[in-house]
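J.: Attaching a single structure in structure tokens format; questions to follow.
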Amino acid sequence: MDFQTLAAALQAIAPDPAEKAARNAAHQQWASIAKPLGSLGLLETALEDIAALTCSAEVAVTPRSVLLLCADNGVVRQGVTQTGHTVTAAVTRNAGNNCSSVCKMAAVAGCRVVPVDMGIIDFPPTPNVLDRRLGNGTGDITAGPAMTREQAERGVLIGINLVREQKKQGVRLLATGEMGIGNTTTSSAVASVLLNRPVRDMTGRGAGLSDTGLRRKVWAIETAIEKNRPNPADPLDVLSKVGGFDIAGMCGIFLGGAVYRVPVLIDGLISAVAALCAVRMCPDAAKAALASHVSAEPAGRLILDKLGKKPLITAEMRLGEGTGAVAAMPMLDMALSLYRDGTTFDGAGIEAYTPQGGES
């Protein structure tokens with residue numbers, strides 16, 4: 001179904017009794033394998049989460065894609081970044097040519113990269129880059145809203161429908177990626193509002209800001225929040241006033257994952273903020289989101305904690321583009337190889353472990 005309104009899409013997200021049965025079956029599959037119970041930790045949980053989402057203990061994580069949402073942010077005019085907006089276009093072109101950072105990592109992980117132009121400044125139609133433009137970059141949030149509410153809703157719907165398109169192509173696992181100079185500023189702004197935390201606590205150096213640059217960034221976010229007065233009870237209002245086209249689209253990807261029952265890997269700070277927006281719109285959307293790693297940005301762990309998600313990787317990554325999410329894919333492959341083909345207790349001639357209880 002191609003949703004025309006966000007309300008219709010949100011209504012399509014609902015629990016299914018088969019989720020619990022599939023989770024239990026996956027848990028029992030793990031328990032039958034000749035190893036200590038729960039000894040693969042979060043990798044076991046991740047496969048159980050995927051089983052529940054897809055309502056099947058026959059877990060699959062291939063084929064898979066990383067949706068790389070690319071857009072420019074008007075707040076760059078305030079000197080909150082080390083580089084200018086032209087870098088967004090350059091990296092997007094490289095992704096279309098299969099030579100950006102995430103492309104190299106995705107090739108190792110057996111993952112397709114799908115670059116999407118959500119609103120890069122003066123970006124022409126480009127081979128291998130999907131055109132889903134919401135505008136020619138967002139507004140400067142220190143002077144007014146990033147976008148209209150209608151643009152924000154359309155961005156979320158674009159993300160939902162990207163998942164639908166991927167599902168039709170047979171994709172079984174998605175990763176969220178982004179490229180947009182200035183988007184740690186917009187994501188920190190959204191996180192500060194939604195978590196009701198001081199801007200200084202939520203704001204990091206992004207791609208290597210100096211102390212002076214960090215002070216400008218904090219000032220820009222504080223100014224944007226004061227100027228636009230986003231309503232923390234209305235995630236779409238927050239997105240439209242201090243967010244970005246990429247965040248809106250990724251929010252839709254997490255919602256689409258819940259609608260179409262395709263698991264979605266959270267990457268770093270920016271996609272974690274998008275996941276938070278999705279869960280605030282529909283709490284049941286959390287079932288589609290898996291945490292790949294925890295960003296080195298200050299707000300990274302705070303947001304994952306709020307989402308109740310534990311990262312598979314803690315490596316102080318902050319590259320973006322979906323690289324952290326792609327890095328987690330081989331870990332899922334290895335877990336799945338044991339889940340599917342591991343020697344059982346019966347096969348190994350070993351007495352099965354049993355839960356002993358007690359305090360952890």
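Each chain of the structure tokens is named A, B, ... in the order shown, its residues numbered from 1; ligands are numbered from 1 in display order.
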Env of A:Val59: 12 Å cut, atoms = only C-alpha atoms, seq-sep filter 5 positions within chain, self excluded. Answer as a ChimeraX atom specification.
T.: /A:22-23,25-27,29,44,46-54,172-173,262-263,332-333,335-340
J.: I want to know what sits within 12 Å of A:Arg197, based on only C-alpha atoms, with residues of the same chain fewer than 3 positions away left out; could you give that as number ranges by chain?
T.: A: 188-194, 200-203, 222, 232, 298-299, 302-303
J.: Distance atom CA of A:Asn94-atom CA of A:Ser65, one decimal place?
T.: 16.9 Å
J.: Name the residues of stretch 287-348 of chain A that fall into strand (DSSP E or B) according to DSSP on the backbone, using the chain letters and numbers of this document, as a list in words.
T.: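 Those residues are Ala289, Leu290, Ala291, His293, Ile313 and Thr344 of chain A.
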J.: So that I can check the secondary structure, give me every residue of stretch 21-149 of chain A assigned helix (DSSP H, G or I) by backbone DSSP, as an MDAnalysis selection string.
T.: chainID A and resid 21:32 42:54 74:78 86:96 101:109 149
J.: Need the shell around A:Ala258: protein/DNA/RNA residues with any atom at most 10 Å away, counting only C-alpha atoms. Skip same-chain ones fewer than 4 positions apart. Format as a PyMOL selection string?
T.: chain A and resi 9-10+12-15+53-54+160+163+252-254+262-264+278+282+284-289
J.: Write the residues of the preceding selection, restricted to C-alpha atoms, as an mmCIF file, in the first residue's frame.
T.:
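Generated file (result.cif):
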data_model
loop_
_atom_site.group_PDB
_atom_site.id
_atom_site.type_symbol
_atom_site.label_atom_id
_atom_site.label_comp_id
_atom_site.auth_asym_id
_atom_site.auth_seq_id
_atom_site.Cartn_x
_atom_site.Cartn_y
_atom_site.Cartn_z
ATOM 1 C CA ALA A 9 0.428 4.883 7.845
ATOM 2 C CA LEU A 10 0.454 5.149 11.623
ATOM 3 C CA ALA A 12 -1.311 0.451 9.885
ATOM 4 C CA ILE A 13 1.236 -0.198 12.654
ATOM 5 C CA ALA A 14 -0.264 -2.651 15.091
ATOM 6 C CA PRO A 15 0.778 -5.638 17.213
ATOM 7 C CA LEU A 53 8.878 -8.356 13.795
ATOM 8 C CA THR A 54 8.559 -10.679 10.804
ATOM 9 C CA ILE A 160 7.770 4.914 4.550
ATOM 10 C CA VAL A 163 10.662 0.785 2.645
ATOM 11 C CA GLY A 252 9.654 7.409 7.864
ATOM 12 C CA ILE A 253 12.038 4.504 7.264
ATOM 13 C CA PHE A 254 11.618 3.351 10.872
ATOM 14 C CA VAL A 262 11.364 -5.084 7.673
ATOM 15 C CA PRO A 263 14.010 -4.673 10.406
ATOM 16 C CA VAL A 264 15.912 -1.377 10.264
ATOM 17 C CA ALA A 278 9.233 7.643 14.863
ATOM 18 C CA CYS A 282 3.942 5.551 17.248
ATOM 19 C CA ASP A 284 4.974 0.307 18.457
ATOM 20 C CA ALA A 285 7.415 1.432 15.744
ATOM 21 C CA ALA A 286 10.230 0.597 18.175
ATOM 22 C CA LYS A 287 9.883 -3.079 17.248
ATOM 23 C CA ALA A 288 11.418 -2.422 13.819
ATOM 24 C CA ALA A 289 14.531 -0.620 15.080
#
J.: Using only C-alpha atoms, pick whichever of A:Ala21, A:Met118, A:Ala109, A:Val102 has the shortest atom-to-atom distance to A:Gly159.
T.: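 With only C-alpha atoms as the atom set, the closest residue is A:Met118.
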J.: Name all residues at most 7 Å from stretch 137-152 of chain A (count only C-alpha atoms; drop same-chain ones fewer than 6 positions away) and give them as a ChimeraX atom specification.
T.: /A:71-75,119-121,220,223-224,227-228,236-237,239-244,248
J.: Those residues with N, CA, C and O atoms, as a short mmCIF file (atom, residue, chain, number, x, y, z; two decimals), in the first residue's frame please?
T.:
data_model
loop_
_atom_site.label_atom_id
_atom_site.label_comp_id
_atom_site.auth_asym_id
_atom_site.auth_seq_id
_atom_site.Cartn_x
_atom_site.Cartn_y
_atom_site.Cartn_z
N ALA A 71 20.76 15.48 2.15
CA ALA A 71 20.07 16.78 2.10
C ALA A 71 20.95 17.85 2.72
O ALA A 71 21.83 17.56 3.53
N ASP A 72 20.71 19.09 2.33
CA ASP A 72 21.45 20.21 2.89
C ASP A 72 20.64 20.96 3.93
O ASP A 72 19.40 20.92 3.92
N ASN A 73 21.36 21.65 4.81
CA ASN A 73 20.75 22.33 5.95
C ASN A 73 21.16 23.80 5.97
O ASN A 73 22.36 24.12 6.00
N GLY A 74 20.15 24.68 5.99
CA GLY A 74 20.42 26.12 5.92
C GLY A 74 21.24 26.66 7.07
O GLY A 74 21.91 27.69 6.93
N VAL A 75 21.24 25.97 8.22
CA VAL A 75 21.97 26.45 9.39
C VAL A 75 23.47 26.47 9.16
O VAL A 75 24.22 27.12 9.91
N GLY A 119 17.03 16.70 -0.80
CA GLY A 119 17.03 18.15 -0.90
C GLY A 119 18.42 18.75 -0.82
O GLY A 119 18.70 19.61 0.02
N ILE A 120 19.30 18.29 -1.70
CA ILE A 120 20.66 18.81 -1.78
C ILE A 120 20.62 20.11 -2.59
O ILE A 120 19.95 20.19 -3.62
N ILE A 121 21.35 21.12 -2.16
CA ILE A 121 21.32 22.42 -2.83
C ILE A 121 21.83 22.30 -4.26
O ILE A 121 22.94 21.81 -4.51
N ALA A 220 23.68 28.43 17.87
CA ALA A 220 22.72 28.28 16.78
C ALA A 220 21.53 27.42 17.20
O ALA A 220 20.37 27.75 16.89
N THR A 223 19.40 29.33 19.76
CA THR A 223 18.67 30.39 19.06
C THR A 223 17.50 29.81 18.27
O THR A 223 16.39 30.36 18.27
N ALA A 224 17.74 28.68 17.60
CA ALA A 224 16.69 28.05 16.79
C ALA A 224 15.52 27.61 17.65
O ALA A 224 14.35 27.80 17.28
N LYS A 227 13.67 30.71 18.84
CA LYS A 227 12.98 31.38 17.74
C LYS A 227 11.74 30.61 17.28
O LYS A 227 10.68 31.19 17.05
N ASN A 228 11.87 29.28 17.18
CA ASN A 228 10.81 28.48 16.55
C ASN A 228 9.83 27.84 17.53
O ASN A 228 8.74 27.43 17.13
N LEU A 236 6.27 15.90 14.68
CA LEU A 236 6.26 16.46 13.34
C LEU A 236 6.53 17.97 13.40
O LEU A 236 7.22 18.53 12.52
N ASP A 237 6.03 18.62 14.44
CA ASP A 237 6.30 20.04 14.63
C ASP A 237 7.79 20.27 14.89
O ASP A 237 8.39 21.20 14.33
N LEU A 239 10.31 18.29 13.96
CA LEU A 239 11.01 18.04 12.71
C LEU A 239 10.92 19.24 11.76
O LEU A 239 11.92 19.64 11.16
N SER A 240 9.74 19.79 11.63
CA SER A 240 9.55 20.88 10.67
C SER A 240 10.27 22.15 11.10
O SER A 240 10.78 22.89 10.26
N LYS A 241 10.37 22.38 12.39
CA LYS A 241 10.94 23.64 12.87
C LYS A 241 12.45 23.62 13.03
O LYS A 241 13.12 24.60 12.72
N VAL A 242 13.02 22.50 13.53
CA VAL A 242 14.47 22.49 13.77
C VAL A 242 15.16 21.25 13.20
O VAL A 242 16.34 21.03 13.45
N GLY A 243 14.45 20.46 12.39
CA GLY A 243 15.02 19.23 11.85
C GLY A 243 15.59 19.41 10.46
O GLY A 243 16.03 20.49 10.07
N GLY A 244 15.61 18.32 9.72
CA GLY A 244 16.14 18.32 8.37
C GLY A 244 15.39 17.34 7.50
O GLY A 244 14.70 16.44 8.00
N ALA A 248 13.63 13.65 8.60
CA ALA A 248 12.22 13.34 8.32
C ALA A 248 12.11 12.04 7.53
O ALA A 248 11.29 11.16 7.84
#
J.: Calculated over only C-alpha atoms, which of the candidates A:Leu307, A:Leu255, A:Ala95, A:Leu214 has the smallest distance to A:Val156?
T.: A:Leu255
J.: Go through A:Ser56, A:Thr45, A:Asn196, A:Asn231 and flag the residue nearest A:Lys20, using only C-alpha atoms for the distances.
T.: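 Among the listed residues, the smallest separation from A:Lys20 belongs to A:Ser56.
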J.: So which one's closest to A:Pro127, A:Cys251, A:Val114, A:Ala348, A:Val326? Using only C-alpha atoms, please.
T.: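 Smallest separation from A:Pro127 among the options: A:Val114.
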J.: To one decimal place in Å, what is the distance between atom CA of A:Gly182 and atom CA of A:Gln4?
T.: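 Between atom CA of A:Gly182 and atom CA of A:Gln4 the gap works out to 29.7 Å.
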J.: Kindly give the distance, in Å, that separates atom CA of A:Lys310 and atom CA of A:Leu40, rounded to a single decimal.
T.: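 We find that atom CA of A:Lys310 and atom CA of A:Leu40 lie 13.7 Å from each other.
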